[in-house]
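Following: one structure in structure tokens, then a few remarks.
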Amino acid sequence: MQIRPFDTGDTAQWDAFCEGAWSATFLHSRRFLSYHADRFQDRSLILEEKGAVVALLPAALDPQDPTTVVSHPGISYGGLVHAGALRGEGALQALQAVCRHYAGQGLARLRYKALPHIYHRVPAQDDLYALFRLQALRYRCDLSACIDLGARPPAGSRRRRGARRAEAAGLQYVQGICQAPALWAILEENLQRKHGARPVHSLAEIELLAGRFPDRITLHAALHEGRAVAGLVLFRTCHAVHAQYIATSAAGEALGALDGLFEHAIGLAAAQGLRWFDFGISNEDAGWRLNAGLHQFKSEFGSGGVVHEFYELPLTDNGRLPPPQLPG
């Protein structure tokens, strides 16, 4: 297996490979990654056998620690992208080769953000087995709330009451990036008031990305008397839709706007034949603290838990297998 760094001349081939990969979403594409490329020192890799691409690894240096390479610091998840070539021992060999490559560049550690199974086109968790074999440390674990649209439990009574309030208020549900300025005003105010934070994406960035991926990134708003009182930004992948942003105003809270809007969006996802509706994580402090109230809110729509796993591998051994640690 040969490894070479990604070059901008590889962009078309990279994105074409992602389109058919088992373990990729549009977030792995250069079309997505390029929107904030100036923030990161890219260290993405292309893995080849006999001149043919067998896998990709989107990666960049950790902005806080240039001795650490992360797959990828600019997206929610990363990991090896392949179309079936890295089954079983193949994933182990690939990760060993990746470690040797980065060690040769003088880097100290690899942080690997595994792709949650709900985003796989075909089951492809061979990388998790390879990480176990390499005795990687799981240093972080986030908890997301997700509905299996084919086997959804009933929503909780509070969510049903909220949806009925929204229906009684005559809320109108609309879709379109034109609602983004109104939604971002609500979102920025909420994040600043509750967490002293700002959205990961600026208004200009989300408008840019929605323009690049009009079928993948959609904005949905609940209107009351013509004014936006709640909104969602949804990222759609092959089998799943993810609520990237959730926001409601004080007026929207009183009207049950998020309850009604979520039920509307869940219904759209089911009608489109998707398998999963992912509300996203409710963690803070690198996974160590769960916002229990937010997670409960999401769970009451009939969702269960899906984890986002983060692993770390030291690169000093150049990818050699450690001795087995057998029970007893």
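By order in the structure tokens, chains are A, B, ...; within a chain, residues start at 1; ligands start at 1, following the order shown.
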How close does range 49-138 of chain A get to range 5-28 of chain A? List, as CSV, each residue of range 49-138 of chain A within 10 Å, its nearest atom pair and the distance in Å to one decimal, counting only C-alpha atoms.
residue,atom,partner,partner_atom,distance
A:Val53,CA,A:Phe17,CA,8.3
A:Val54,CA,A:Phe17,CA,9.0
A:Ala55,CA,A:Phe17,CA,8.5
A:Leu56,CA,A:Trp14,CA,7.7
A:Leu57,CA,A:His28,CA,8.8
A:Pro58,CA,A:His28,CA,6.7
A:Ala59,CA,A:Phe6,CA,9.7
A:Ser71,CA,A:His28,CA,10.0
A:His72,CA,A:His28,CA,8.9
A:Gly74,CA,A:Leu27,CA,9.4
A:Ile75,CA,A:Leu27,CA,6.8
A:Ser76,CA,A:Leu27,CA,8.4
A:Tyr77,CA,A:Leu27,CA,8.4
A:Gly78,CA,A:His28,CA,7.0
A:Gly79,CA,A:Ser23,CA,8.2
A:Leu80,CA,A:Ser23,CA,7.3
A:Val81,CA,A:Ser23,CA,5.2
A:His82,CA,A:Ala21,CA,5.2
A:Ala83,CA,A:Ala21,CA,4.2
A:Gly84,CA,A:Trp22,CA,6.7
A:Ala85,CA,A:Trp22,CA,9.8
A:His101,CA,A:Pro5,CA,9.6
A:Ala114,CA,A:Ser23,CA,9.8
A:Leu115,CA,A:Ser23,CA,7.2
A:Pro116,CA,A:Ser23,CA,9.3
A:His117,CA,A:Ser23,CA,8.7
A:Tyr119,CA,A:Thr25,CA,7.0
A:His120,CA,A:Ser23,CA,5.0
A:Arg121,CA,A:Trp22,CA,4.8
A:Val122,CA,A:Trp22,CA,5.1
A:Pro123,CA,A:Trp22,CA,7.3
A:Ala124,CA,A:Ser23,CA,6.4
A:Gln125,CA,A:Ser23,CA,8.7
Residue contacts of Asp126 in chain A (7 Å, only C-alpha atoms) excluding same-chain residues fewer than 3 positions away, as a VMD selection string: chain A and resid 87 to 88 91 129 to 130
Contacts of range 136-149 of chain A within 10 Å, only C-alpha atoms, excl. fewer than 4 positions in-chain, as a ChimeraX atom specification: /A:110-113,116,118,128,130-132,153,240-242,266-267,269-271,273-290,294-314
Nearest residue to Gln105 in chain A out of A:Leu183, A:Ala204, A:Thr316, A:Asn190, using only C-alpha atoms?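 Smallest distance to Gln105 in chain A is found for A:Thr316.
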Could you find all residues in range 13-244 of chain A that DSSP calls helix (DSSP H, G or I) from the backbone, and write them as a PyMOL selection string? chain A and resi 13-20+26-28+30-39+89-104+117-119+126-133+157-168+177-195+203-212
From a DSSP pass on the backbone, collect the residues of range 52-196 of chain A flagged as strand (DSSP E or B) and hand them back as number ranges by chain. A: 52-57, 60-62, 65-71, 81-82, 109-113, 137-148, 172-175
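Candidate residues A:Ala197, A:Leu268, A:Leu315, A:Ala37 were compared for distance to Ala97 in chain A, and the nearest is A:Leu315, using only C-alpha atoms.
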Excluding Leu171 in chain A and its own-chain neighbours fewer than 6 positions away, which residues fall within 8 Å of it when counting only C-alpha atoms? Please give them as a list in words. Ala222, Leu223, His224, Glu225 and Ala257 of chain A
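For the atom pair formed by CA of Glu207 in chain A and CA of Ala247 in chain A, the distance is 16.7 Å, given to one decimal.
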Choose the residue, out of A:Ile3, A:Leu86, A:Leu209, A:Ala169, that has the smallest atom-to-atom separation from Cys99 in chain A; count only C-alpha atoms. A:Ile3
Between CA of Ala182 in chain A and CA of Ala228 in chain A, what distance in Å does the model show, to one decimal?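 According to the coordinates, CA of Ala182 in chain A and CA of Ala228 in chain A are separated by 6.5 Å.
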Straight-line distance linking CA of Pro73 in chain A with CA of Ile206 in chain A, stated in Å to one decimal: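 The value is 17.9 Å.
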Counting only C-alpha atoms, figure out which residue out of A:Ser29, A:Gln64, A:Gln96, A:Thr248 gets nearest to Leu232 in chain A.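 That would be A:Thr248, the residue with the smallest distance to Leu232 in chain A.
With only C-alpha atoms as the atoms that count, the residue of A:Val233, A:Met1, A:Leu61, A:Cys238 with the shortest distance to Leu261 in chain A is A:Val233.
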